[in-house]
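A.B. asks: Data: data.cif, mmCIF, C-alpha atoms.
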data_upload
#
loop_
_atom_site.label_atom_id
_atom_site.label_comp_id
_atom_site.auth_asym_id
_atom_site.auth_seq_id
_atom_site.Cartn_x
_atom_site.Cartn_y
_atom_site.Cartn_z
CA MET U 1 38.27 -3.50 14.14
CA SER U 2 35.79 -4.66 11.51
CA ILE U 3 32.54 -2.89 10.64
CA THR U 4 30.75 -4.00 7.47
CA TYR U 5 27.89 -2.16 5.78
CA MET U 6 25.73 -4.85 4.21
CA LYS U 7 23.30 -2.14 3.08
CA ASN U 8 23.76 1.62 2.70
CA GLY U 9 21.26 4.45 2.36
CA LYS U 10 21.58 7.82 0.63
CA SER U 11 24.94 9.52 0.94
CA ALA U 12 25.48 12.52 3.19
CA ALA U 13 25.82 14.72 0.10
CA GLU U 14 22.46 13.59 -1.28
CA ARG U 15 20.76 14.20 2.06
CA SER U 16 22.35 17.65 2.26
CA GLU U 17 20.99 18.54 -1.17
CA ASP U 18 17.48 17.55 -0.08
CA ASP U 19 17.83 19.70 3.04
CA ALA U 20 18.90 22.73 0.99
CA LYS U 21 15.74 22.58 -1.13
CA VAL U 22 13.56 22.46 1.97
CA ARG U 23 15.46 25.38 3.56
CA SER U 24 14.79 27.66 0.61
CA ILE U 25 11.07 26.91 0.45
CA VAL U 26 10.60 27.40 4.19
CA GLU U 27 12.49 30.69 4.25
CA GLY U 28 10.26 32.21 1.59
CA THR U 29 7.11 30.91 3.24
CA LEU U 30 7.94 32.33 6.67
CA LYS U 31 8.75 35.74 5.16
CA ASP U 32 5.37 35.72 3.44
CA ILE U 33 3.54 34.87 6.68
CA GLU U 34 5.41 37.57 8.57
CA THR U 35 4.58 40.14 5.88
CA ARG U 36 0.97 39.27 5.07
CA GLY U 37 -0.26 37.46 8.15
CA ASP U 38 -3.69 35.85 7.89
CA ALA U 39 -3.87 36.30 4.11
CA ALA U 40 -0.70 34.28 3.58
CA VAL U 41 -1.80 31.60 6.04
CA ARG U 42 -5.15 31.26 4.27
CA GLU U 43 -3.51 30.96 0.84
CA LEU U 44 -1.18 28.25 2.12
CA SER U 45 -4.07 26.35 3.70
CA GLU U 46 -6.00 26.52 0.43
CA LYS U 47 -2.94 25.37 -1.52
CA PHE U 48 -1.91 22.44 0.67
CA ASP U 49 -5.13 21.39 2.42
CA LYS U 50 -7.87 22.76 0.12
CA PHE U 51 -9.28 24.35 3.26
CA SER U 52 -10.43 27.93 3.86
CA PRO U 53 -12.99 28.22 6.70
CA PRO U 54 -14.35 31.51 8.10
CA SER U 55 -12.07 30.93 11.11
CA PHE U 56 -9.28 28.40 11.60
CA ARG U 57 -9.90 28.34 15.34
CA LEU U 58 -12.43 25.78 16.53
CA THR U 59 -15.27 27.02 18.71
CA GLY U 60 -16.46 25.18 21.79
CA SER U 61 -19.42 23.73 19.91
CA GLU U 62 -17.18 22.58 17.04
CA ILE U 63 -14.91 20.85 19.54
CA GLU U 64 -17.89 19.11 21.12
CA ALA U 65 -19.22 18.08 17.69
CA ALA U 66 -15.88 16.56 16.73
CA MET U 67 -15.53 14.71 20.02
CA SER U 68 -19.02 13.25 19.67
CA LYS U 69 -17.77 11.31 16.63
CA VAL U 70 -15.15 9.44 18.67
CA SER U 71 -16.26 5.94 19.70
CA ALA U 72 -16.43 5.03 23.37
CA ARG U 73 -13.61 2.51 22.93
CA ASP U 74 -11.35 5.03 21.20
CA MET U 75 -12.08 7.64 23.89
CA ALA U 76 -11.27 5.13 26.61
CA ASP U 77 -7.98 4.29 24.90
CA ILE U 78 -7.11 8.00 24.66
CA ASP U 79 -7.90 8.36 28.36
CA PHE U 80 -5.67 5.37 29.21
CA ALA U 81 -2.74 6.76 27.22
CA GLN U 82 -3.11 10.21 28.72
CA THR U 83 -3.19 8.74 32.21
CA GLN U 84 0.14 6.99 31.63
CA ILE U 85 1.75 10.10 30.13
CA ARG U 86 0.39 12.35 32.88
CA ARG U 87 1.71 10.05 35.61
CA PHE U 88 5.24 10.09 34.23
CA ALA U 89 5.18 13.84 33.54
CA GLU U 90 3.97 14.53 37.08
CA ALA U 91 6.77 12.36 38.48
CA GLN U 92 9.30 14.24 36.36
CA LYS U 93 7.96 17.59 37.56
CA ALA U 94 8.14 16.44 41.16
CA SER U 95 11.88 15.81 40.66
CA MET U 96 12.39 19.51 39.85
CA ARG U 97 12.41 21.56 43.03
CA ASP U 98 12.60 25.24 43.69
CA ILE U 99 15.61 25.76 45.96
CA GLU U 100 16.89 28.43 48.35
CA VAL U 101 20.19 28.12 50.19
CA GLU U 102 22.26 30.36 52.47
CA THR U 103 25.74 30.00 50.97
CA LEU U 104 27.36 32.39 53.46
CA PRO U 105 25.85 34.02 56.53
CA GLY U 106 23.40 36.61 55.16
CA VAL U 107 23.79 35.54 51.49
CA ILE U 108 20.74 33.75 50.12
CA LEU U 109 20.64 32.22 46.63
CA GLY U 110 17.82 30.34 44.97
CA HIS U 111 16.03 29.36 41.82
CA ARG U 112 12.43 29.03 40.76
CA ASN U 113 11.02 26.84 38.01
CA ILE U 114 8.58 29.01 36.08
CA PRO U 115 6.40 27.74 33.20
CA VAL U 116 6.83 29.18 29.73
CA GLN U 117 3.84 31.51 29.36
CA SER U 118 2.57 30.40 25.93
CA VAL U 119 3.30 27.33 23.86
CA GLY U 120 2.30 26.28 20.34
CA CYS U 121 1.86 22.51 20.00
CA TYR U 122 1.90 21.08 16.49
CA VAL U 123 0.16 17.74 15.91
CA PRO U 124 0.92 16.21 12.50
CA GLY U 125 -1.94 14.98 10.35
CA GLY U 126 -0.97 14.27 6.78
CA LYS U 127 -0.79 10.61 5.85
CA PHE U 128 -1.16 9.49 9.47
CA PRO U 129 -3.19 11.46 12.04
CA MET U 130 -0.79 11.58 15.00
CA VAL U 131 -3.28 11.51 17.86
CA ALA U 132 -0.52 10.58 20.31
CA SER U 133 1.37 13.81 19.60
CA ALA U 134 -1.40 15.74 21.33
CA HIS U 135 -0.75 13.80 24.52
CA MET U 136 2.98 14.31 24.28
CA SER U 137 2.94 18.07 23.76
CA VAL U 138 -0.33 19.51 25.05
CA LEU U 139 -0.66 17.26 28.09
CA THR U 140 2.97 17.67 29.12
CA ALA U 141 2.70 21.46 28.81
CA SER U 142 -0.45 21.33 30.91
CA VAL U 143 1.29 19.35 33.67
CA ALA U 144 4.07 21.96 33.62
CA GLY U 145 1.47 24.67 34.25
CA VAL U 146 1.74 26.60 30.96
CA PRO U 147 -1.08 29.20 31.11
CA ARG U 148 -1.71 29.43 27.34
CA ILE U 149 -1.50 26.27 25.24
CA VAL U 150 -2.22 26.62 21.53
CA ALA U 151 -2.68 23.43 19.50
CA ALA U 152 -2.76 23.10 15.73
CA ALA U 153 -3.36 20.16 13.42
CA PRO U 154 -4.22 19.99 9.71
CA PRO U 155 -7.78 19.28 8.61
CA GLN U 156 -8.68 15.85 7.30
CA LYS U 157 -10.75 16.21 4.11
CA GLY U 158 -11.94 19.62 5.21
CA GLU U 159 -12.92 18.55 8.73
CA PRO U 160 -11.25 18.35 12.12
CA HIS U 161 -9.97 14.88 12.92
CA PRO U 162 -12.27 13.81 15.80
CA ALA U 163 -9.70 11.83 17.79
CA ILE U 164 -7.01 14.51 17.47
CA VAL U 165 -9.44 17.20 18.64
CA ALA U 166 -10.54 14.98 21.54
CA ALA U 167 -6.93 14.36 22.56
CA MET U 168 -6.03 18.06 22.33
CA HIS U 169 -9.06 19.14 24.32
CA LYS U 170 -8.77 16.48 27.03
CA ALA U 171 -5.04 17.20 27.32
CA GLY U 172 -5.72 20.85 28.16
CA ALA U 173 -5.42 22.95 24.97
CA HIS U 174 -6.81 26.46 25.39
CA GLU U 175 -6.97 27.23 21.65
CA ILE U 176 -7.32 24.69 18.83
CA TYR U 177 -6.65 25.60 15.19
CA LEU U 178 -7.18 23.59 12.01
CA LEU U 179 -3.87 24.48 10.39
CA GLY U 180 -1.15 22.26 9.03
CA GLY U 181 2.50 22.35 8.08
CA MET U 182 4.56 25.49 7.66
CA GLN U 183 1.52 27.74 7.87
CA ALA U 184 0.68 26.45 11.35
CA ILE U 185 4.26 26.81 12.59
CA GLY U 186 4.65 30.28 11.08
CA ALA U 187 1.29 31.53 12.36
CA MET U 188 1.90 30.36 15.92
CA ALA U 189 5.46 31.67 16.10
CA LEU U 190 5.14 34.94 14.21
CA GLY U 191 1.52 35.74 15.00
CA THR U 192 -1.11 37.07 12.63
CA GLU U 193 -4.09 39.40 12.95
CA SER U 194 -6.14 36.55 14.42
CA ILE U 195 -3.52 34.43 16.22
CA ALA U 196 -1.39 35.85 19.03
CA PRO U 197 2.23 34.64 18.86
CA VAL U 198 3.56 32.05 21.29
CA ASP U 199 6.84 31.93 23.20
CA MET U 200 7.73 28.35 22.30
CA LEU U 201 7.00 25.75 19.60
CA VAL U 202 6.89 22.02 20.22
CA GLY U 203 5.91 18.86 18.39
CA PRO U 204 7.14 16.71 15.52
CA GLY U 205 6.41 17.10 11.84
CA ASN U 206 7.70 16.60 8.34
CA ALA U 207 10.93 18.08 6.97
CA PHE U 208 9.23 21.43 6.29
CA VAL U 209 7.86 21.68 9.83
CA ALA U 210 11.25 20.79 11.31
CA GLU U 211 13.02 23.35 9.12
CA ALA U 212 10.47 26.05 9.98
CA LYS U 213 11.15 25.46 13.68
CA ARG U 214 14.90 25.60 13.04
CA GLN U 215 14.63 28.94 11.23
CA LEU U 216 12.37 30.39 13.92
CA TYR U 217 14.58 29.28 16.81
CA GLY U 218 15.77 32.32 18.71
CA ARG U 219 12.68 34.30 17.88
CA VAL U 220 10.81 31.62 19.80
CA GLY U 221 12.02 28.67 21.80
CA ILE U 222 11.66 25.17 20.44
CA ASP U 223 11.65 21.77 22.05
CA LEU U 224 14.27 20.27 19.72
CA PHE U 225 14.97 19.59 16.07
CA ALA U 226 12.48 16.78 15.48
CA GLY U 227 12.89 15.74 11.86
CA PRO U 228 11.82 12.52 10.14
CA THR U 229 11.54 9.48 12.39
CA GLU U 230 14.71 7.46 12.90
CA THR U 231 14.98 3.98 14.33
CA MET U 232 17.87 1.69 15.18
CA VAL U 233 17.78 -1.93 16.21
CA ILE U 234 20.78 -3.20 18.16
CA ALA U 235 20.52 -6.98 18.14
CA ASP U 236 22.51 -10.15 18.57
CA ASP U 237 21.51 -13.76 17.99
CA THR U 238 19.28 -13.83 21.08
CA VAL U 239 16.48 -12.58 18.80
CA ASP U 240 15.31 -13.58 15.35
CA ALA U 241 15.03 -11.82 12.02
CA GLU U 242 11.25 -11.50 12.20
CA MET U 243 11.51 -9.38 15.34
CA CYS U 244 14.25 -7.19 13.85
CA ALA U 245 12.51 -6.71 10.50
CA THR U 246 9.20 -5.88 12.18
CA ASP U 247 10.80 -3.25 14.41
CA LEU U 248 12.66 -1.66 11.49
CA LEU U 249 9.68 -1.47 9.13
CA GLY U 250 7.35 -0.48 11.97
CA GLN U 251 9.08 2.91 12.01
CA ALA U 252 10.08 3.13 8.33
CA GLU U 253 6.38 3.48 7.48
CA HIS U 254 6.34 6.98 9.04
CA GLY U 255 7.48 8.66 5.82
CA TYR U 256 9.56 8.35 2.69
CA ASN U 257 12.70 9.52 4.47
CA SER U 258 12.70 7.69 7.79
CA PRO U 259 16.11 6.10 8.49
CA ALA U 260 16.05 2.55 9.83
CA VAL U 261 19.33 0.89 10.87
CA LEU U 262 20.21 -2.58 12.08
CA VAL U 263 23.43 -2.88 14.09
CA THR U 264 24.41 -6.45 14.86
CA ASN U 265 27.34 -8.75 15.47
CA SER U 266 25.67 -11.62 13.64
CA GLN U 267 26.16 -12.04 9.88
CA LYS U 268 23.39 -14.65 9.95
CA LEU U 269 20.90 -12.32 11.63
CA ALA U 270 21.81 -9.54 9.18
CA ARG U 271 21.22 -11.73 6.12
CA GLU U 272 17.99 -13.17 7.48
CA THR U 273 16.68 -9.72 8.44
CA LEU U 274 17.29 -8.41 4.93
CA ALA U 275 15.36 -11.37 3.51
CA LYS U 276 12.54 -11.01 6.05
CA ILE U 277 12.20 -7.30 5.25
CA ASP U 278 11.68 -8.14 1.57
CA ARG U 279 8.98 -10.66 2.51
CA LEU U 280 7.22 -8.24 4.87
CA LEU U 281 7.25 -5.46 2.29
CA ALA U 282 5.22 -7.72 0.01
CA ILE U 283 2.32 -7.80 2.50
CA LEU U 284 2.62 -4.63 4.63
CA PRO U 285 -0.31 -2.27 3.87
CA THR U 286 2.01 0.74 4.28
CA ALA U 287 4.69 -0.86 2.11
CA GLU U 288 4.78 1.99 -0.42
CA THR U 289 6.12 4.36 2.22
CA ALA U 290 8.20 1.85 4.16
CA ARG U 291 9.82 0.52 0.98
CA ALA U 292 10.98 4.00 -0.05
CA SER U 293 12.44 4.69 3.40
CA TRP U 294 14.17 1.33 3.51
CA ARG U 295 15.54 1.70 -0.02
CA ASP U 296 16.93 5.21 0.48
CA TYR U 297 17.66 5.35 4.21
CA GLY U 298 17.91 1.76 5.42
CA GLU U 299 21.24 0.39 6.67
CA VAL U 300 22.52 -2.93 7.96
CA ILE U 301 25.82 -2.72 9.84
CA VAL U 302 27.66 -5.83 11.02
CA CYS U 303 30.31 -5.46 13.74
CA ASP U 304 32.71 -7.94 15.28
CA THR U 305 32.17 -6.97 18.92
CA TYR U 306 29.65 -5.43 21.26
CA GLU U 307 32.07 -2.56 21.81
CA GLU U 308 32.00 -1.81 18.08
CA MET U 309 28.19 -1.99 18.09
CA LEU U 310 28.16 0.52 20.95
CA GLU U 311 30.57 2.84 19.12
CA VAL U 312 28.49 2.77 15.93
CA ALA U 313 25.25 3.32 17.85
CA ASN U 314 26.59 6.30 19.78
CA ASP U 315 27.97 7.82 16.58
CA ILE U 316 24.66 7.53 14.71
CA ALA U 317 22.73 8.85 17.75
CA SER U 318 19.40 7.56 16.48
CA GLU U 319 16.07 8.87 17.72
CA HIS U 320 14.72 5.45 18.75
CA VAL U 321 17.09 2.68 19.79
CA GLN U 322 15.63 -0.80 20.26
CA VAL U 323 18.12 -2.98 22.15
CA MET U 324 17.65 -6.77 22.04
CA THR U 325 20.84 -8.48 23.22
CA ASP U 326 22.19 -10.64 26.00
CA ARG U 327 23.42 -7.44 27.73
CA ASP U 328 20.68 -4.81 27.42
CA ASP U 329 21.59 -3.13 30.72
CA TRP U 330 25.20 -2.82 29.54
CA PHE U 331 23.94 -0.74 26.61
CA LEU U 332 21.75 1.29 28.99
CA GLU U 333 24.85 2.08 31.04
CA LYS U 334 27.15 2.79 28.09
CA MET U 335 24.91 4.55 25.56
CA HIS U 336 25.25 8.34 25.71
CA SER U 337 23.80 9.66 22.44
CA TYR U 338 20.23 8.74 21.45
CA GLY U 339 16.63 9.88 21.76
CA ALA U 340 15.10 7.06 23.78
CA LEU U 341 16.05 3.47 24.56
CA PHE U 342 13.69 0.52 24.33
CA LEU U 343 15.26 -2.35 26.22
CA GLY U 344 14.54 -6.02 25.59
CA PRO U 345 12.35 -7.90 23.12
CA ARG U 346 9.19 -7.34 25.18
CA THR U 347 9.53 -3.59 24.66
CA ASN U 348 9.06 -1.81 21.35
CA VAL U 349 9.20 1.69 19.92
CA ALA U 350 5.47 1.81 19.21
CA ASN U 351 4.86 1.55 22.98
CA GLY U 352 6.79 4.78 23.45
CA ASP U 353 5.11 6.40 20.46
CA LYS U 354 1.59 5.84 21.69
CA VAL U 355 0.95 4.79 25.24
CA ILE U 356 3.60 3.65 27.72
CA GLY U 357 4.10 7.10 29.26
CA THR U 358 7.46 8.43 28.10
CA ASN U 359 7.44 11.26 25.57
CA HIS U 360 7.74 10.42 21.88
CA THR U 361 9.02 13.82 20.70
CA LEU U 362 12.70 12.99 20.47
CA PRO U 363 15.94 14.38 18.96
CA THR U 364 16.85 13.39 15.39
CA LYS U 365 19.78 14.07 13.03
CA LYS U 366 22.33 13.39 15.76
CA ALA U 367 20.82 15.97 18.13
CA GLY U 368 20.83 13.24 20.78
CA ARG U 369 24.50 14.16 21.23
CA TYR U 370 23.46 17.33 23.09
CA THR U 371 19.81 17.07 24.10
CA GLY U 372 17.23 14.60 25.28
CA GLY U 373 13.60 14.54 24.20
CA LEU U 374 10.59 16.63 25.11
CA TRP U 375 9.61 16.38 28.76
CA VAL U 376 7.88 18.47 31.38
CA GLY U 377 11.15 20.26 32.17
CA LYS U 378 11.29 21.72 28.64
CA PHE U 379 8.26 23.84 29.52
CA LEU U 380 9.85 25.13 32.73
CA LYS U 381 12.45 27.90 32.86
CA THR U 382 14.80 27.78 35.81
CA HIS U 383 15.42 31.35 36.99
CA SER U 384 17.89 32.24 39.71
CA TYR U 385 17.61 34.97 42.33
CA GLN U 386 19.86 36.29 45.06
CA LYS U 387 19.52 38.50 48.12
CA ILE U 388 21.84 39.77 50.84
CA VAL U 389 20.12 40.29 54.17
CA THR U 390 22.87 41.48 56.55
CA ASP U 391 25.23 44.47 56.55
CA GLU U 392 28.20 42.19 57.21
CA ALA U 393 27.46 40.06 54.14
CA ALA U 394 26.99 43.14 51.96
CA ALA U 395 30.39 44.48 52.99
CA THR U 396 32.20 41.14 52.66
CA ILE U 397 30.80 40.21 49.24
CA GLY U 398 31.16 43.84 48.14
CA ALA U 399 34.89 43.91 48.90
CA TYR U 400 35.55 40.76 46.90
CA CYS U 401 33.28 41.94 44.08
CA SER U 402 34.99 45.32 43.83
CA ARG U 403 38.48 43.87 43.55
CA LEU U 404 37.37 41.29 40.95
CA CYS U 405 35.67 44.02 38.91
CA MET U 406 38.83 46.11 38.93
CA LEU U 407 40.83 43.04 37.88
CA GLU U 408 38.80 43.16 34.65
CA GLY U 409 38.85 46.93 34.34
CA PHE U 410 35.16 47.47 35.08
CA VAL U 411 35.28 50.59 37.26
CA GLY U 412 31.54 51.20 37.13
CA HIS U 413 30.89 47.64 38.19
CA ALA U 414 33.32 48.08 41.07
CA GLU U 415 31.56 51.23 42.24
CA GLN U 416 28.29 49.26 42.52
CA ALA U 417 30.08 47.14 45.11
CA ASN U 418 31.96 50.04 46.72
CA ILE U 419 28.86 52.05 47.53
CA ARG U 420 27.49 49.09 49.47
CA VAL U 421 30.76 48.57 51.31
CA ARG U 422 30.62 52.24 52.37
CA ARG U 423 26.93 52.13 53.27
CA TYR U 424 26.86 48.82 55.12
CA GLY U 425 30.49 48.24 56.17
CA GLY U 426 30.38 50.54 59.17
CA LYS U 427 33.27 52.55 60.59
CA ASN U 428 35.73 49.71 60.03
CA VAL U 429 35.66 50.06 56.23
CA PRO U 430 37.18 53.40 55.14
CA TYR U 431 36.10 55.05 51.88
CA GLY U 432 37.65 53.32 48.90
CA GLU U 433 39.16 50.39 50.83
CA ALA U 434 37.14 47.78 48.92
CA ALA U 435 38.75 48.74 45.64
CA ALA U 436 42.28 48.90 47.03
#
How does this structure look as C-alpha cells?
C.D. replies:
Amino acid sequence: MSITYMKNGKSAAERSEDDAKVRSIVEGTLKDIETRGDAAVRELSEKFDKFSPPSFRLTGSEIEAAMSKVSARDMADIDFAQTQIRRFAEAQKASMRDIEVETLPGVILGHRNIPVQSVGCYVPGGKFPMVASAHMSVLTASVAGVPRIVAAAPPQKGEPHPAIVAAMHKAGAHEIYLLGGMQAIGAMALGTESIAPVDMLVGPGNAFVAEAKRQLYGRVGIDLFAGPTETMVIADDTVDAEMCATDLLGQAEHGYNSPAVLVTNSQKLARETLAKIDRLLAILPTAETARASWRDYGEVIVCDTYEEMLEVANDIASEHVQVMTDRDDWFLEKMHSYGALFLGPRTNVANGDKVIGTNHTLPTKKAGRYTGGLWVGKFLKTHSYQKIVTDEAAATIGAYCSRLCMLEGFVGHAEQANIRVRRYGGKNVPYGEAAA
C-alpha cells in the first residue's frame, strides 16, 4: 500500500487550537444573549455589522422595497433555482409515508411524519451573499410544511441584500430579520424580548455560526454541523489538470479555512494540478481567499490503486466529492462517508451549491460518517403511535408484557399490564395469572 502526500495542510493540532479559540468566544456571546436579550443582540450587530435599526425584523413594505431592486433576469434565475429545489424536495417528501399496520389481530401500530413547528434559517452574508442558502433552508422547510419559518441574514452596508430578501420571501419565510453571525443564531435559538425562540436551527455559516449551533444543540435541534466548506476531487488521468484545479479553487474561495483535497492515482495529474493551481491563483479575482485556504488546508494525495483512493476518500469524509474517473459509478456504489457526490466531468459542485435541485447544506468535519445533508426529512419528526382494539389482543399482549416487566423487576410496569388482562381477559384469565 502506497499513499503519498504531495501537499499537506495545517496539522490536526493546529486546527484544534483554532477551534478552541472559537469555542470560548461563542460560549461567552451566547451567555450574554441569554442574559440580556435584545440589548446584547443590538450591541453585537453594532460591533460586527455597524447596524442598529429601530427593528431588525423587516416589514412587508421593506420586503417589497428590497425586492423591487432585483433585476428581472436575477428574479427569473431565482425562480428557476427554486423550481428545481422544490421539485426534488417534493419528491423526497413523497417518499416518506405515514404508515399504519395491524401486526397482530387487534394490535395496530403506526407512525406520522409531523413538521417541526418553528425553524430558524440562517443565510450567510459576509464576503459572499449566499442567496442560494435561502432556497436550501427556507424553501425546503416550506415544502415540509413548517408553520413558522424565521429567516435571518446580515445586512449589506446597512441595507437588506435585495436578492437574499427576494429568495427568502419567495421561498416562504414568515419572518425576516437583518441579523448576522452569532447574534442571529443566539437570538433565534434562545429568544429575546422581540424574537420568539425556534425549535430548530438550520443553514451554513462561518466557524462562529457552526460553533454556536453546536453549543445550542439539545436546547434546539439543528440540521447538522455545517462548518467551513470542504471539497475533494477524486480523479484519474481521464481528466486534465485544468479541470481539477478549477474544481478545487472553485470551493477554496469560500473562506480562508476551506479544505480542498485532490485524491488521484496519477503522479502526472498531481504535479500538473499543483502547477495549474499556481497559475490560476495569479488571475482569480478571489485569489486572496482561495490562496489562504489552499496554503493552509489544501492537500494532494497520490495513491497506487482505486481501492486506496476509495479508502482515503471515505476516511476524509469530505462535504463535496467531485468524482472524475473511468469508474464513477463504482465510487457511487462504494463511497459511504461524504456530504454529496458529483459524478463525472459534466457535473460540478457549483451546480449543487446554486441550482441543480439537491440541497447544499451538507455535513463537514467528518460528520458525513453518521449523517447526510439537509433535506425535507430533517424538518419532519416521525412519531409512532399504537392502539389495541380487541379484548383478546389486550389480554394476549398484556400477559407477555407483564412477564417481561417482572423479568426486569418493574412491578409497577407489570401491574399496568395485569389490570388489562383482568379487565379484558374474561373468565379464562384468573387474577394474577399474567404475572405468574
A.B. asks: Please write as a list in words the list of polymer residues whose atoms come within 12 Å of (16.3, 29.1, 11.4), counting all atoms listed in the file and keeping to the coordinates of the file.
C.D. replies: Val22, Arg23, Ser24, Val26, Glu27, Gly28, Leu30, Lys31, Gly186, Phe208, Val209, Ala210, Glu211, Ala212, Lys213, Arg214, Gln215, Leu216, Tyr217, Gly218, Arg219, Val220, Gly221, Ile222 and Phe225 of chain U
A.B. asks: Find the residue from U:Phe51, U:Tyr400, U:Phe128, U:Phe379 that sits nearest to Ala89 of chain U; use all atoms listed in the file when measuring.
C.D. replies: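 Looking at the shortest contact to Ala89 of chain U, the residue is U:Phe379.
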A.B. asks: Write out as a list in words each polymer residue whose atoms come within 9 Å of Arg57 of chain U, counting all atoms listed in the file; drop sequence neighbours fewer than 4 positions from it.
C.D. replies: Ala152, Glu175, Ile176, Tyr177, Leu178, Leu179 and Ile195 of chain U
A.B. asks: Which distance in Å separates atom CA of Ile99 of chain U and atom CA of Thr382 of chain U, to one decimal?
C.D. replies: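 Interatomic distance, atom CA of Ile99 of chain U to atom CA of Thr382 of chain U: 10.4 Å.
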A.B. asks: From the set U:Ala187, U:Ala144, U:Leu104, U:Leu249, which residue has the shortest atom-to-atom contact distance to Gly120 of chain U, counting all atoms listed in the file?
C.D. replies: U:Ala187
A.B. asks: Set the distance at 12 Å and use all atoms listed in the file: which residues neighbour Met75 of chain U once local chain neighbours fewer than 5 positions away are removed? I'd like the list as a tab-separated table (two decimals) with C-alpha atoms, in the frame of the given file.
C.D. replies:
chain	number	residue	atom	x	y	z
U	67	MET	CA	-15.53	14.71	20.02
U	68	SER	CA	-19.02	13.25	19.67
U	69	LYS	CA	-17.77	11.31	16.63
U	70	VAL	CA	-15.15	9.44	18.67
U	80	PHE	CA	-5.67	5.37	29.21
U	81	ALA	CA	-2.74	6.76	27.22
U	82	GLN	CA	-3.11	10.21	28.72
U	131	VAL	CA	-3.28	11.51	17.86
U	162	PRO	CA	-12.27	13.81	15.80
U	163	ALA	CA	-9.70	11.83	17.79
U	164	ILE	CA	-7.01	14.51	17.47
U	165	VAL	CA	-9.44	17.20	18.64
U	166	ALA	CA	-10.54	14.98	21.54
U	167	ALA	CA	-6.93	14.36	22.56
U	169	HIS	CA	-9.06	19.14	24.32
U	170	LYS	CA	-8.77	16.48	27.03
A.B. asks: When you count all atoms listed in the file, which of these residues is closest to Pro204 of chain U: U:Glu43, U:Asp278, U:Glu90, U:Asp223?
C.D. replies: U:Asp223
A.B. asks: Could you list, as a PyMOL selection string, every residue matched by the PyMOL selection byres ((chain U and resi 232) around 9) in this structure?
C.D. replies: chain U and resi 230-231+233-234+247-248+259-263+313+316+318-323
A.B. asks: Would you work out the distance separating atom CA of Gly158 of chain U from atom CA of Ala132 of chain U, expressed in Å to one decimal?
C.D. replies: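 Taking atom CA of Gly158 of chain U and atom CA of Ala132 of chain U, their separation equals 21.0 Å.
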A.B. asks: Starting from 4 Å padding per side, set up an axis-aligned box that covers all listed atoms of segment 221-224 of chain U and hand over centre and edge lengths in Å, one decimal, as AutoDock Vina command-line options.
C.D. replies:
--center_x 13.0 --center_y 24.5 --center_z 20.9 --size_x 10.6 --size_y 16.4 --size_z 10.3
A.B. asks: Using all atoms listed in the file, which residues sit within 8 Å of segment 325-328 of chain U once same-chain residues fewer than 3 positions away are excluded, as a list in words?
C.D. replies: Ile234, Ala235, Asp236, Asp237, Thr238, Val239, Phe331, Leu332, Leu343 and Gly344 of chain U
A.B. asks: Hey, can you spit out that residue selection with C-alpha atoms as a CSV table (one decimal), in the frame of the given file?
C.D. replies:
chain,number,residue,atom,x,y,z
U,234,ILE,CA,20.8,-3.2,18.2
U,235,ALA,CA,20.5,-7.0,18.1
U,236,ASP,CA,22.5,-10.2,18.6
U,237,ASP,CA,21.5,-13.8,18.0
U,238,THR,CA,19.3,-13.8,21.1
U,239,VAL,CA,16.5,-12.6,18.8
U,331,PHE,CA,23.9,-0.7,26.6
U,332,LEU,CA,21.8,1.3,29.0
U,343,LEU,CA,15.3,-2.4,26.2
U,344,GLY,CA,14.5,-6.0,25.6
A.B. asks: Might you pull out every residue within 9 Å of segment 384-389 of chain U, with all atoms listed in the file counted and same-chain residues fewer than 5 positions away left off, and present them as a list in words?
C.D. replies: Glu100, Pro105, Gly106, Val107, Ile108, Leu109, Gly110, His111, Arg112, Asn113 and Ala394 of chain U
A.B. asks: Which residues of segment 1-80 of chain U come within 10 Å of segment 292-307 of chain U, and what is each one's closest atom pair and distance in Å (one decimal), counting only C-alpha atoms, sorted by chain and residue number, as CSV?
C.D. replies:
residue,atom,partner,partner_atom,distance
U:Met1,CA,U:Asp304,CA,7.2
U:Ser2,CA,U:Asp304,CA,5.9
U:Ile3,CA,U:Cys303,CA,4.6
U:Thr4,CA,U:Val302,CA,5.0
U:Tyr5,CA,U:Ile301,CA,4.6
U:Met6,CA,U:Val300,CA,5.3
U:Lys7,CA,U:Glu299,CA,4.9
U:Asn8,CA,U:Glu299,CA,4.9
U:Gly9,CA,U:Tyr297,CA,4.1
U:Lys10,CA,U:Asp296,CA,5.3
U:Ser11,CA,U:Tyr297,CA,9.0
U:Arg15,CA,U:Tyr297,CA,9.6
